[in-house]
file structure06.txt (compact mmCIF, N, CA and C atoms and all ligand atoms)
# COMPACT_ATOMS: atom_id res chain seq x y z
N MET G 25 127.08 95.78 104.40
CA MET G 25 125.70 95.31 104.39
C MET G 25 124.80 96.40 103.81
N LEU G 26 123.87 95.97 103.00
CA LEU G 26 122.98 96.91 102.34
C LEU G 26 121.55 96.62 102.79
N ILE G 27 120.90 97.65 103.27
CA ILE G 27 119.50 97.49 103.68
C ILE G 27 118.66 98.36 102.75
N TYR G 28 117.66 97.79 102.17
CA TYR G 28 116.86 98.55 101.22
C TYR G 28 115.39 98.21 101.39
N GLU G 29 114.57 99.11 100.89
CA GLU G 29 113.14 98.94 101.04
C GLU G 29 112.56 98.32 99.77
N ILE G 30 111.85 97.23 99.91
CA ILE G 30 111.20 96.59 98.76
C ILE G 30 109.82 97.22 98.56
N ASP G 31 109.06 97.27 99.63
CA ASP G 31 107.87 98.11 99.62
C ASP G 31 107.74 98.64 101.04
N GLU G 32 106.64 99.31 101.35
CA GLU G 32 106.60 99.97 102.64
C GLU G 32 106.58 99.01 103.81
N ARG G 33 106.35 97.73 103.54
CA ARG G 33 106.30 96.77 104.64
C ARG G 33 107.38 95.71 104.54
N THR G 34 108.22 95.78 103.52
CA THR G 34 109.21 94.73 103.33
C THR G 34 110.60 95.34 103.21
N ILE G 35 111.51 94.82 104.01
CA ILE G 35 112.88 95.30 104.00
C ILE G 35 113.77 94.19 103.47
N GLY G 36 114.65 94.53 102.54
CA GLY G 36 115.62 93.57 102.06
C GLY G 36 116.97 93.86 102.68
N ILE G 37 117.71 92.83 103.02
CA ILE G 37 119.05 93.00 103.56
C ILE G 37 120.00 92.16 102.72
N ALA G 38 120.96 92.81 102.09
CA ALA G 38 121.95 92.10 101.29
C ALA G 38 123.29 92.18 102.01
N ALA G 39 123.94 91.05 102.19
CA ALA G 39 125.20 91.02 102.92
C ALA G 39 126.30 90.39 102.07
N ASP G 40 127.46 91.02 102.11
CA ASP G 40 128.62 90.47 101.42
C ASP G 40 129.37 89.58 102.42
N THR G 41 128.89 88.35 102.56
CA THR G 41 129.40 87.51 103.65
C THR G 41 130.86 87.11 103.46
N ASP G 42 131.32 87.01 102.20
CA ASP G 42 132.74 86.66 102.01
C ASP G 42 133.60 87.87 101.65
N GLN G 43 133.03 89.07 101.76
CA GLN G 43 133.76 90.32 101.64
C GLN G 43 134.49 90.48 100.30
N ASN G 44 133.91 89.97 99.20
CA ASN G 44 134.57 90.13 97.91
C ASN G 44 133.94 91.24 97.07
N GLY G 45 133.06 91.98 97.67
CA GLY G 45 132.48 93.12 96.97
C GLY G 45 131.15 92.85 96.30
N THR G 46 130.72 91.59 96.25
CA THR G 46 129.38 91.30 95.72
C THR G 46 128.51 90.74 96.83
N TYR G 47 127.24 91.06 96.76
CA TYR G 47 126.31 90.62 97.79
C TYR G 47 125.75 89.24 97.46
N GLU G 48 125.78 88.33 98.39
CA GLU G 48 125.20 87.02 98.13
C GLU G 48 124.07 86.63 99.07
N THR G 49 123.84 87.39 100.09
CA THR G 49 122.76 87.04 101.01
C THR G 49 121.67 88.11 100.96
N THR G 50 120.50 87.72 100.61
CA THR G 50 119.40 88.67 100.61
C THR G 50 118.28 88.14 101.48
N ILE G 51 117.92 88.91 102.45
CA ILE G 51 116.87 88.52 103.38
C ILE G 51 115.75 89.53 103.26
N ALA G 52 114.59 89.07 102.98
CA ALA G 52 113.45 89.98 102.94
C ALA G 52 112.60 89.72 104.17
N GLU G 53 112.33 90.76 104.86
CA GLU G 53 111.62 90.60 106.13
C GLU G 53 110.49 91.60 106.15
N SER G 54 109.36 91.12 106.54
CA SER G 54 108.18 91.98 106.54
C SER G 54 107.76 92.27 107.96
N ILE G 55 107.70 93.54 108.28
CA ILE G 55 107.22 93.93 109.60
C ILE G 55 105.93 94.71 109.39
N GLN G 56 104.86 94.22 109.95
CA GLN G 56 103.57 94.90 109.81
C GLN G 56 103.49 96.02 110.83
N VAL G 57 103.44 97.22 110.34
CA VAL G 57 103.29 98.35 111.26
C VAL G 57 102.35 99.37 110.65
N THR G 58 101.76 100.15 111.51
CA THR G 58 101.03 101.32 111.08
C THR G 58 101.93 102.51 111.35
N LEU G 59 102.31 103.22 110.31
CA LEU G 59 103.22 104.35 110.50
C LEU G 59 102.63 105.33 111.51
N GLY G 60 103.45 105.72 112.45
CA GLY G 60 103.03 106.70 113.44
C GLY G 60 102.39 106.10 114.68
N ASP G 61 101.94 104.83 114.57
CA ASP G 61 101.31 104.20 115.74
C ASP G 61 102.38 103.47 116.54
N VAL G 62 103.12 104.23 117.33
CA VAL G 62 104.30 103.68 118.01
C VAL G 62 103.92 102.73 119.14
N ASN G 63 102.84 103.04 119.85
CA ASN G 63 102.46 102.17 120.98
C ASN G 63 101.48 101.06 120.56
N GLU G 64 101.27 100.94 119.25
CA GLU G 64 100.53 99.81 118.68
C GLU G 64 99.11 99.66 119.25
N ASP G 65 98.44 100.79 119.44
CA ASP G 65 97.03 100.72 119.86
C ASP G 65 96.09 101.04 118.70
N GLU G 66 96.66 101.06 117.49
CA GLU G 66 95.90 101.24 116.25
C GLU G 66 95.36 102.64 116.05
N GLU G 67 95.88 103.59 116.81
CA GLU G 67 95.55 104.99 116.59
C GLU G 67 96.82 105.82 116.63
N VAL G 68 96.86 106.86 115.83
CA VAL G 68 97.99 107.79 115.89
C VAL G 68 97.55 108.97 116.75
N THR G 69 98.16 109.08 117.91
CA THR G 69 97.77 110.15 118.84
C THR G 69 99.00 110.86 119.38
N VAL G 70 98.76 111.83 120.23
CA VAL G 70 99.85 112.57 120.86
C VAL G 70 100.74 111.64 121.69
N ASP G 71 100.18 110.56 122.20
CA ASP G 71 100.99 109.58 122.94
C ASP G 71 102.10 109.02 122.07
N ASP G 72 101.76 108.73 120.82
CA ASP G 72 102.76 108.17 119.90
C ASP G 72 103.88 109.18 119.66
N ALA G 73 103.51 110.45 119.50
CA ALA G 73 104.52 111.50 119.32
C ALA G 73 105.43 111.58 120.53
N GLN G 74 104.83 111.48 121.71
CA GLN G 74 105.62 111.56 122.94
C GLN G 74 106.56 110.37 123.08
N ILE G 75 106.08 109.19 122.70
CA ILE G 75 106.93 108.00 122.79
C ILE G 75 108.11 108.11 121.80
N ALA G 76 107.80 108.61 120.60
CA ALA G 76 108.87 108.79 119.61
C ALA G 76 109.89 109.79 120.11
N LEU G 77 109.41 110.87 120.71
CA LEU G 77 110.32 111.89 121.24
C LEU G 77 111.16 111.32 122.38
N GLN G 78 110.51 110.51 123.22
CA GLN G 78 111.24 109.87 124.32
C GLN G 78 112.32 108.93 123.78
N ALA G 79 111.97 108.19 122.72
CA ALA G 79 112.95 107.28 122.11
C ALA G 79 114.14 108.06 121.59
N TYR G 80 113.85 109.18 120.94
CA TYR G 80 114.92 110.03 120.40
C TYR G 80 115.80 110.56 121.53
N THR G 81 115.15 111.01 122.61
CA THR G 81 115.88 111.52 123.77
C THR G 81 116.77 110.43 124.36
N ASN G 82 116.23 109.21 124.44
CA ASN G 82 117.01 108.08 124.94
C ASN G 82 118.25 107.85 124.09
N LEU G 83 118.04 107.88 122.75
CA LEU G 83 119.16 107.64 121.84
C LEU G 83 120.21 108.73 121.97
N LEU G 84 119.75 109.98 122.11
CA LEU G 84 120.68 111.11 122.29
C LEU G 84 121.52 110.93 123.53
N ALA G 85 120.90 110.35 124.57
CA ALA G 85 121.59 110.15 125.85
C ALA G 85 122.46 108.89 125.81
N GLY G 86 122.52 108.24 124.64
CA GLY G 86 123.35 107.05 124.51
C GLY G 86 122.70 105.80 125.05
N LYS G 87 121.39 105.90 125.30
CA LYS G 87 120.67 104.73 125.82
C LYS G 87 119.95 104.01 124.69
N ASP G 88 119.37 102.87 125.02
CA ASP G 88 118.52 102.17 124.08
C ASP G 88 117.27 103.01 123.84
N SER G 89 116.73 102.91 122.63
CA SER G 89 115.54 103.72 122.31
C SER G 89 114.35 103.34 123.17
N GLY G 90 114.34 102.10 123.67
CA GLY G 90 113.21 101.63 124.45
C GLY G 90 112.09 101.07 123.58
N LEU G 91 112.32 101.09 122.27
CA LEU G 91 111.31 100.59 121.35
C LEU G 91 111.73 99.24 120.80
N ASN G 92 110.75 98.39 120.48
CA ASN G 92 111.08 97.15 119.77
C ASN G 92 111.21 97.47 118.28
N PRO G 93 111.73 96.55 117.47
CA PRO G 93 111.97 96.87 116.05
C PRO G 93 110.71 97.34 115.30
N ALA G 94 109.56 96.73 115.60
CA ALA G 94 108.33 97.15 114.93
C ALA G 94 107.95 98.56 115.36
N GLN G 95 108.15 98.87 116.64
CA GLN G 95 107.84 100.21 117.13
C GLN G 95 108.79 101.24 116.52
N GLU G 96 110.05 100.87 116.37
CA GLU G 96 111.01 101.78 115.75
C GLU G 96 110.61 102.08 114.31
N LYS G 97 110.13 101.05 113.63
CA LYS G 97 109.70 101.24 112.25
C LYS G 97 108.45 102.13 112.19
N ALA G 98 107.56 101.93 113.14
CA ALA G 98 106.34 102.76 113.19
C ALA G 98 106.67 104.20 113.53
N ALA G 99 107.70 104.38 114.37
CA ALA G 99 108.06 105.73 114.81
C ALA G 99 108.82 106.51 113.73
N ASP G 100 109.49 105.79 112.84
CA ASP G 100 110.29 106.45 111.80
C ASP G 100 109.39 106.78 110.62
N VAL G 101 108.54 107.78 110.81
CA VAL G 101 107.49 108.04 109.82
C VAL G 101 108.03 108.62 108.51
N ASN G 102 109.20 109.28 108.56
CA ASN G 102 109.76 109.77 107.29
C ASN G 102 110.72 108.75 106.66
N ILE G 103 110.78 107.56 107.27
CA ILE G 103 111.49 106.40 106.74
C ILE G 103 112.91 106.76 106.30
N ASP G 104 113.63 107.46 107.19
CA ASP G 104 115.04 107.75 106.90
C ASP G 104 115.96 106.88 107.74
N GLY G 105 115.37 105.90 108.44
CA GLY G 105 116.18 104.94 109.18
C GLY G 105 116.49 105.32 110.61
N ALA G 106 116.04 106.49 111.05
CA ALA G 106 116.31 106.92 112.41
C ALA G 106 115.06 107.56 113.01
N VAL G 107 114.89 107.35 114.31
CA VAL G 107 113.79 108.00 115.02
C VAL G 107 114.35 109.32 115.57
N THR G 108 113.82 110.42 115.08
CA THR G 108 114.32 111.73 115.52
C THR G 108 113.16 112.63 115.89
N VAL G 109 113.52 113.83 116.31
CA VAL G 109 112.51 114.83 116.68
C VAL G 109 111.62 115.15 115.48
N GLU G 110 112.15 115.03 114.28
CA GLU G 110 111.33 115.28 113.08
C GLU G 110 110.18 114.29 112.98
N ASP G 111 110.46 113.04 113.31
CA ASP G 111 109.40 112.02 113.29
C ASP G 111 108.35 112.35 114.33
N ALA G 112 108.80 112.73 115.52
CA ALA G 112 107.87 113.07 116.60
C ALA G 112 106.99 114.24 116.18
N GLN G 113 107.59 115.24 115.55
CA GLN G 113 106.82 116.40 115.10
C GLN G 113 105.82 116.02 114.02
N ALA G 114 106.24 115.14 113.11
CA ALA G 114 105.35 114.71 112.03
C ALA G 114 104.16 113.92 112.60
N ILE G 115 104.43 113.09 113.61
CA ILE G 115 103.35 112.32 114.24
C ILE G 115 102.36 113.28 114.92
N LEU G 116 102.91 114.30 115.58
CA LEU G 116 102.05 115.29 116.23
C LEU G 116 101.22 116.05 115.19
N GLN G 117 101.86 116.39 114.09
CA GLN G 117 101.18 117.09 113.00
C GLN G 117 100.04 116.23 112.44
N TYR G 118 100.34 114.95 112.28
CA TYR G 118 99.33 114.01 111.77
C TYR G 118 98.13 113.97 112.71
N TYR G 119 98.42 113.85 114.00
CA TYR G 119 97.36 113.79 115.01
C TYR G 119 96.53 115.08 114.99
N THR G 120 97.21 116.22 114.88
CA THR G 120 96.52 117.51 114.83
C THR G 120 95.56 117.55 113.64
N ASN G 121 96.02 117.02 112.51
CA ASN G 121 95.17 116.99 111.32
C ASN G 121 93.98 116.04 111.49
N VAL G 122 94.22 114.91 112.17
CA VAL G 122 93.11 113.99 112.44
C VAL G 122 92.07 114.69 113.31
N LEU G 123 92.54 115.40 114.33
CA LEU G 123 91.64 116.14 115.22
C LEU G 123 90.82 117.15 114.43
N ALA G 124 91.45 117.76 113.43
CA ALA G 124 90.77 118.75 112.60
C ALA G 124 89.96 118.08 111.49
N LYS G 125 89.88 116.77 111.56
CA LYS G 125 89.13 115.97 110.58
C LYS G 125 89.59 116.20 109.14
N LYS G 126 90.90 116.30 108.98
CA LYS G 126 91.45 116.55 107.65
C LYS G 126 91.85 115.28 106.91
N ASP G 127 91.72 114.13 107.57
CA ASP G 127 92.08 112.87 106.94
C ASP G 127 93.47 112.93 106.29
N PRO G 128 94.49 113.16 107.11
CA PRO G 128 95.83 113.40 106.57
C PRO G 128 96.48 112.15 105.97
N THR G 129 97.43 112.36 105.10
CA THR G 129 98.30 111.26 104.66
C THR G 129 99.73 111.64 105.07
N TRP G 130 100.56 110.63 105.21
CA TRP G 130 101.95 110.92 105.59
C TRP G 130 102.64 111.71 104.50
N GLU G 131 102.25 111.47 103.26
CA GLU G 131 102.84 112.20 102.15
C GLU G 131 102.63 113.71 102.32
N GLU G 132 101.38 114.08 102.70
CA GLU G 132 101.07 115.51 102.91
C GLU G 132 101.84 116.09 104.10
N ILE G 133 101.94 115.29 105.16
CA ILE G 133 102.61 115.77 106.37
C ILE G 133 104.10 115.98 106.10
N LEU G 134 104.69 115.01 105.42
CA LEU G 134 106.14 115.03 105.25
C LEU G 134 106.58 115.93 104.10
N HIS G 135 105.69 116.08 103.11
CA HIS G 135 106.04 116.90 101.94
C HIS G 135 104.92 117.88 101.64
N PRO G 136 104.71 118.84 102.54
CA PRO G 136 103.62 119.79 102.29
C PRO G 136 103.89 120.59 101.01
N GLU G 137 102.80 120.99 100.38
CA GLU G 137 102.93 121.77 99.15
C GLU G 137 103.70 123.05 99.44
N GLY G 138 104.55 123.43 98.49
CA GLY G 138 105.31 124.66 98.62
C GLY G 138 106.62 124.49 99.37
N GLU G 139 106.92 123.24 99.77
CA GLU G 139 108.22 123.05 100.43
C GLU G 139 109.04 122.03 99.66
CA CA R 201 130.51 88.37 98.35
CA CA R 202 99.10 104.77 119.02
CA CA R 203 112.96 109.35 110.79
call {"tool": "encode", "arguments": {"input": "structure06.txt", "output": "structure tokens"}}
result
Amino acid sequence: MLIYEIDERTIGIAADTDQNGTYETTIAESIQVTLGDVNEDEEVTVDDAQIALQAYTNLLAGKDSGLNPAQEKAADVNIDGAVTVEDAQAILQYYTNVLAKKDPTWEEILHPEGE
């Protein structure tokens, strides 16, 4: 099965249902999320970072993340398909920048200049 991103809100899923090596099923599904807003209160705050970190801790412990699919998508701010401590740190960084009135973008947070 192949999962790919069509745009930031649309995910395509291609499945080789008859296992002959070519994909015949493509499902495009759109999940509306605000990146970083894990608890869906329309703000990116330290709470969201904590929830993402808790989800990661749950996964590490072999438990369910505790997030619904939309929340998982919102928590995966670097869009690598997994909610990890890096996402939690990026959310915290974003919040810190908002507090400093820097009007951050995820691009700046995830790919700072010089790195
Ligand atoms: Ca096939
Ligand atoms: Ca939030
Ligand atoms: Ca991630």
call {"tool": "residues_near_ligand", "arguments": {"input": "structure06.txt", "ligand": "ligand CA 203 (chain R)", "cutoff": "12 Å", "atoms": "only C-alpha atoms and all ligand atoms", "output": "compact mmCIF listing (two decimals) with N, CA and C atoms, in the coordinates of the input"}}
result
# COMPACT_ATOMS: atom_id res chain seq x y z
N LEU G 59 102.31 103.22 110.31
CA LEU G 59 103.22 104.35 110.50
C LEU G 59 102.63 105.33 111.51
N GLY G 60 103.45 105.72 112.45
CA GLY G 60 103.03 106.70 113.44
C GLY G 60 102.39 106.10 114.68
N ALA G 76 107.80 108.61 120.60
CA ALA G 76 108.87 108.79 119.61
C ALA G 76 109.89 109.79 120.11
N LEU G 77 109.41 110.87 120.71
CA LEU G 77 110.32 111.89 121.24
C LEU G 77 111.16 111.32 122.38
N ALA G 79 111.97 108.19 122.72
CA ALA G 79 112.95 107.28 122.11
C ALA G 79 114.14 108.06 121.59
N TYR G 80 113.85 109.18 120.94
CA TYR G 80 114.92 110.03 120.40
C TYR G 80 115.80 110.56 121.53
N GLU G 96 110.05 100.87 116.37
CA GLU G 96 111.01 101.78 115.75
C GLU G 96 110.61 102.08 114.31
N LYS G 97 110.13 101.05 113.63
CA LYS G 97 109.70 101.24 112.25
C LYS G 97 108.45 102.13 112.19
N ALA G 98 107.56 101.93 113.14
CA ALA G 98 106.34 102.76 113.19
C ALA G 98 106.67 104.20 113.53
N ALA G 99 107.70 104.38 114.37
CA ALA G 99 108.06 105.73 114.81
C ALA G 99 108.82 106.51 113.73
N ASP G 100 109.49 105.79 112.84
CA ASP G 100 110.29 106.45 111.80
C ASP G 100 109.39 106.78 110.62
N VAL G 101 108.54 107.78 110.81
CA VAL G 101 107.49 108.04 109.82
C VAL G 101 108.03 108.62 108.51
N ASN G 102 109.20 109.28 108.56
CA ASN G 102 109.76 109.77 107.29
C ASN G 102 110.72 108.75 106.66
N ILE G 103 110.78 107.56 107.27
CA ILE G 103 111.49 106.40 106.74
C ILE G 103 112.91 106.76 106.30
N ASP G 104 113.63 107.46 107.19
CA ASP G 104 115.04 107.75 106.90
C ASP G 104 115.96 106.88 107.74
N GLY G 105 115.37 105.90 108.44
CA GLY G 105 116.18 104.94 109.18
C GLY G 105 116.49 105.32 110.61
N ALA G 106 116.04 106.49 111.05
CA ALA G 106 116.31 106.92 112.41
C ALA G 106 115.06 107.56 113.01
N VAL G 107 114.89 107.35 114.31
CA VAL G 107 113.79 108.00 115.02
C VAL G 107 114.35 109.32 115.57
N THR G 108 113.82 110.42 115.08
CA THR G 108 114.32 111.73 115.52
C THR G 108 113.16 112.63 115.89
N VAL G 109 113.52 113.83 116.31
CA VAL G 109 112.51 114.83 116.68
C VAL G 109 111.62 115.15 115.48
N GLU G 110 112.15 115.03 114.28
CA GLU G 110 111.33 115.28 113.08
C GLU G 110 110.18 114.29 112.98
N ASP G 111 110.46 113.04 113.31
CA ASP G 111 109.40 112.02 113.29
C ASP G 111 108.35 112.35 114.33
N ALA G 112 108.80 112.73 115.52
CA ALA G 112 107.87 113.07 116.60
C ALA G 112 106.99 114.24 116.18
N GLN G 113 107.59 115.24 115.55
CA GLN G 113 106.82 116.40 115.10
C GLN G 113 105.82 116.02 114.02
N ALA G 114 106.24 115.14 113.11
CA ALA G 114 105.35 114.71 112.03
C ALA G 114 104.16 113.92 112.60
N ILE G 115 104.43 113.09 113.61
CA ILE G 115 103.35 112.32 114.24
C ILE G 115 102.36 113.28 114.92
N LEU G 134 104.69 115.01 105.42
CA LEU G 134 106.14 115.03 105.25
C LEU G 134 106.58 115.93 104.10
call {"tool": "closest_residue", "arguments": {"input": "structure06.txt", "among": "G:Thr69, G:Thr120, G:Thr58, G:Thr49", "to": "Ala94 in chain G", "atoms": "all atoms listed in the file"}}
result
G:Thr58
call {"tool": "residues_near_ligand", "arguments": {"input": "structure06.txt", "ligand": "ligand CA 202 (chain R)", "cutoff": "8 Å", "atoms": "all atoms listed in the file", "output": "MDAnalysis selection string"}}
result
chainID G and resid 60:73
call {"tool": "axis_aligned_box", "arguments": {"input": "structure06.txt", "around": "range 51-67 of chain G", "padding_each_side": "6 Å", "output": "lines of an AutoDock Vina configuration file"}}
result
center_x = 106.6
center_y = 97.6
center_z = 111.7
size_x = 34.6
size_y = 30.2
size_z = 30.5
call {"tool": "atom_distance", "arguments": {"input": "structure06.txt", "atom1": "atom N of Ile35 in chain G", "atom2": "atom C of Gln56 in chain G"}}
result
10.6 Å
call {"tool": "closest_residue", "arguments": {"input": "structure06.txt", "among": "G:Pro136, G:Pro93, G:Gly45, G:Pro128", "to": "ligand CA 201 (chain R)", "atoms": "only N, CA and C atoms and all ligand atoms"}}
result
G:Gly45
call {"tool": "atom_distance", "arguments": {"input": "structure06.txt", "atom1": "atom C of Val122 in chain G", "atom2": "atom C of Glu137 in chain G"}}
result
19.9 Å
call {"tool": "closest_residue", "arguments": {"input": "structure06.txt", "among": "G:Asp88, G:Glu131, G:Glu29, G:Glu48", "to": "ligand CA 201 (chain R)", "atoms": "only C-alpha atoms and all ligand atoms"}}
result
G:Glu48
call {"tool": "residues_near_ligand", "arguments": {"input": "structure06.txt", "ligand": "ligand CA 201 (chain R)", "cutoff": "5 Å", "atoms": "all atoms listed in the file", "output": "ChimeraX atom specification"}}
result
/G:40-48
call {"tool": "write_last_selection", "arguments": {"input": "structure06.txt", "atoms": "N, CA and C atoms", "output": "PDB file, in the frame of the given file"}}
result
ATOM      1  N   ASP G  40     127.460  91.020 102.110  1.00  0.00           N
ATOM      2  CA  ASP G  40     128.620  90.470 101.420  1.00  0.00           C
ATOM      3  C   ASP G  40     129.370  89.580 102.420  1.00  0.00           C
ATOM      4  N   THR G  41     128.890  88.350 102.560  1.00  0.00           N
ATOM      5  CA  THR G  41     129.400  87.510 103.650  1.00  0.00           C
ATOM      6  C   THR G  41     130.860  87.110 103.460  1.00  0.00           C
ATOM      7  N   ASP G  42     131.320  87.010 102.200  1.00  0.00           N
ATOM      8  CA  ASP G  42     132.740  86.660 102.010  1.00  0.00           C
ATOM      9  C   ASP G  42     133.600  87.870 101.650  1.00  0.00           C
ATOM     10  N   GLN G  43     133.030  89.070 101.760  1.00  0.00           N
ATOM     11  CA  GLN G  43     133.760  90.320 101.640  1.00  0.00           C
ATOM     12  C   GLN G  43     134.490  90.480 100.300  1.00  0.00           C
ATOM     13  N   ASN G  44     133.910  89.970  99.200  1.00  0.00           N
ATOM     14  CA  ASN G  44     134.570  90.130  97.910  1.00  0.00           C
ATOM     15  C   ASN G  44     133.940  91.240  97.070  1.00  0.00           C
ATOM     16  N   GLY G  45     133.060  91.980  97.670  1.00  0.00           N
ATOM     17  CA  GLY G  45     132.480  93.120  96.970  1.00  0.00           C
ATOM     18  C   GLY G  45     131.150  92.850  96.300  1.00  0.00           C
ATOM     19  N   THR G  46     130.720  91.590  96.250  1.00  0.00           N
ATOM     20  CA  THR G  46     129.380  91.300  95.720  1.00  0.00           C
ATOM     21  C   THR G  46     128.510  90.740  96.830  1.00  0.00           C
ATOM     22  N   TYR G  47     127.240  91.060  96.760  1.00  0.00           N
ATOM     23  CA  TYR G  47     126.310  90.620  97.790  1.00  0.00           C
ATOM     24  C   TYR G  47     125.750  89.240  97.460  1.00  0.00           C
ATOM     25  N   GLU G  48     125.780  88.330  98.390  1.00  0.00           N
ATOM     26  CA  GLU G  48     125.200  87.020  98.130  1.00  0.00           C
ATOM     27  C   GLU G  48     124.070  86.630  99.070  1.00  0.00           C
TER      28      GLU G  48
END
call {"tool": "atom_distance", "arguments": {"input": "structure06.txt", "atom1": "atom N of Val57 in chain G", "atom2": "atom C of Thr34 in chain G"}}
result
10.3 Å
call {"tool": "closest_residue", "arguments": {"input": "structure06.txt", "among": "G:Ile37, G:Leu91, G:Leu26, G:Ile133", "to": "Thr50 in chain G", "atoms": "only N, CA and C atoms"}}
result
G:Ile37
call {"tool": "select_by_dssp", "arguments": {"input": "structure06.txt", "residues": "chain G", "states": "strand (DSSP E)", "output": "PDB file with N, CA and C atoms, keeping the file's coordinate frame"}}
result
ATOM      1  N   LEU G  26     123.870  95.970 103.000  1.00  0.00           N
ATOM      2  CA  LEU G  26     122.980  96.910 102.340  1.00  0.00           C
ATOM      3  C   LEU G  26     121.550  96.620 102.790  1.00  0.00           C
ATOM      4  N   ILE G  27     120.900  97.650 103.270  1.00  0.00           N
ATOM      5  CA  ILE G  27     119.500  97.490 103.680  1.00  0.00           C
ATOM      6  C   ILE G  27     118.660  98.360 102.750  1.00  0.00           C
ATOM      7  N   TYR G  28     117.660  97.790 102.170  1.00  0.00           N
ATOM      8  CA  TYR G  28     116.860  98.550 101.220  1.00  0.00           C
ATOM      9  C   TYR G  28     115.390  98.210 101.390  1.00  0.00           C
ATOM     10  N   GLU G  29     114.570  99.110 100.890  1.00  0.00           N
ATOM     11  CA  GLU G  29     113.140  98.940 101.040  1.00  0.00           C
ATOM     12  C   GLU G  29     112.560  98.320  99.770  1.00  0.00           C
ATOM     13  N   ILE G  30     111.850  97.230  99.910  1.00  0.00           N
ATOM     14  CA  ILE G  30     111.200  96.590  98.760  1.00  0.00           C
ATOM     15  C   ILE G  30     109.820  97.220  98.560  1.00  0.00           C
ATOM     16  N   ASP G  31     109.060  97.270  99.630  1.00  0.00           N
ATOM     17  CA  ASP G  31     107.870  98.110  99.620  1.00  0.00           C
ATOM     18  C   ASP G  31     107.740  98.640 101.040  1.00  0.00           C
ATOM     19  N   THR G  34     108.220  95.780 103.520  1.00  0.00           N
ATOM     20  CA  THR G  34     109.210  94.730 103.330  1.00  0.00           C
ATOM     21  C   THR G  34     110.600  95.340 103.210  1.00  0.00           C
ATOM     22  N   ILE G  35     111.510  94.820 104.010  1.00  0.00           N
ATOM     23  CA  ILE G  35     112.880  95.300 104.000  1.00  0.00           C
ATOM     24  C   ILE G  35     113.770  94.190 103.470  1.00  0.00           C
ATOM     25  N   GLY G  36     114.650  94.530 102.540  1.00  0.00           N
ATOM     26  CA  GLY G  36     115.620  93.570 102.060  1.00  0.00           C
ATOM     27  C   GLY G  36     116.970  93.860 102.680  1.00  0.00           C
ATOM     28  N   ILE G  37     117.710  92.830 103.020  1.00  0.00           N
ATOM     29  CA  ILE G  37     119.050  93.000 103.560  1.00  0.00           C
ATOM     30  C   ILE G  37     120.000  92.160 102.720  1.00  0.00           C
ATOM     31  N   ALA G  38     120.960  92.810 102.090  1.00  0.00           N
ATOM     32  CA  ALA G  38     121.950  92.100 101.290  1.00  0.00           C
ATOM     33  C   ALA G  38     123.290  92.180 102.010  1.00  0.00           C
ATOM     34  N   ALA G  39     123.940  91.050 102.190  1.00  0.00           N
ATOM     35  CA  ALA G  39     125.200  91.020 102.920  1.00  0.00           C
ATOM     36  C   ALA G  39     126.300  90.390 102.070  1.00  0.00           C
ATOM     37  N   THR G  49     123.840  87.390 100.090  1.00  0.00           N
ATOM     38  CA  THR G  49     122.760  87.040 101.010  1.00  0.00           C
ATOM     39  C   THR G  49     121.670  88.110 100.960  1.00  0.00           C
ATOM     40  N   THR G  50     120.500  87.720 100.610  1.00  0.00           N
ATOM     41  CA  THR G  50     119.400  88.670 100.610  1.00  0.00           C
ATOM     42  C   THR G  50     118.280  88.140 101.480  1.00  0.00           C
ATOM     43  N   ILE G  51     117.920  88.910 102.450  1.00  0.00           N
ATOM     44  CA  ILE G  51     116.870  88.520 103.380  1.00  0.00           C
ATOM     45  C   ILE G  51     115.750  89.530 103.260  1.00  0.00           C
ATOM     46  N   ALA G  52     114.590  89.070 102.980  1.00  0.00           N
ATOM     47  CA  ALA G  52     113.450  89.980 102.940  1.00  0.00           C
ATOM     48  C   ALA G  52     112.600  89.720 104.170  1.00  0.00           C
ATOM     49  N   GLU G  53     112.330  90.760 104.860  1.00  0.00           N
ATOM     50  CA  GLU G  53     111.620  90.600 106.130  1.00  0.00           C
ATOM     51  C   GLU G  53     110.490  91.600 106.150  1.00  0.00           C
ATOM     52  N   SER G  54     109.360  91.120 106.540  1.00  0.00           N
ATOM     53  CA  SER G  54     108.180  91.980 106.540  1.00  0.00           C
ATOM     54  C   SER G  54     107.760  92.270 107.960  1.00  0.00           C
TER      55      SER G  54
END
call {"tool": "select_by_dssp", "arguments": {"input": "structure06.txt", "residues": "chain G", "states": "helix (DSSP H, G or I)", "output": "JSON, numbers by chain"}}
result
{"G": [70, 71, 72, 73, 74, 75, 76, 77, 78, 79, 80, 81, 82, 83, 84, 93, 94, 95, 96, 97, 98, 99, 109, 110, 111, 112, 113, 114, 115, 116, 117, 118, 119, 120, 121, 122, 123, 130, 131, 132, 133, 134]}
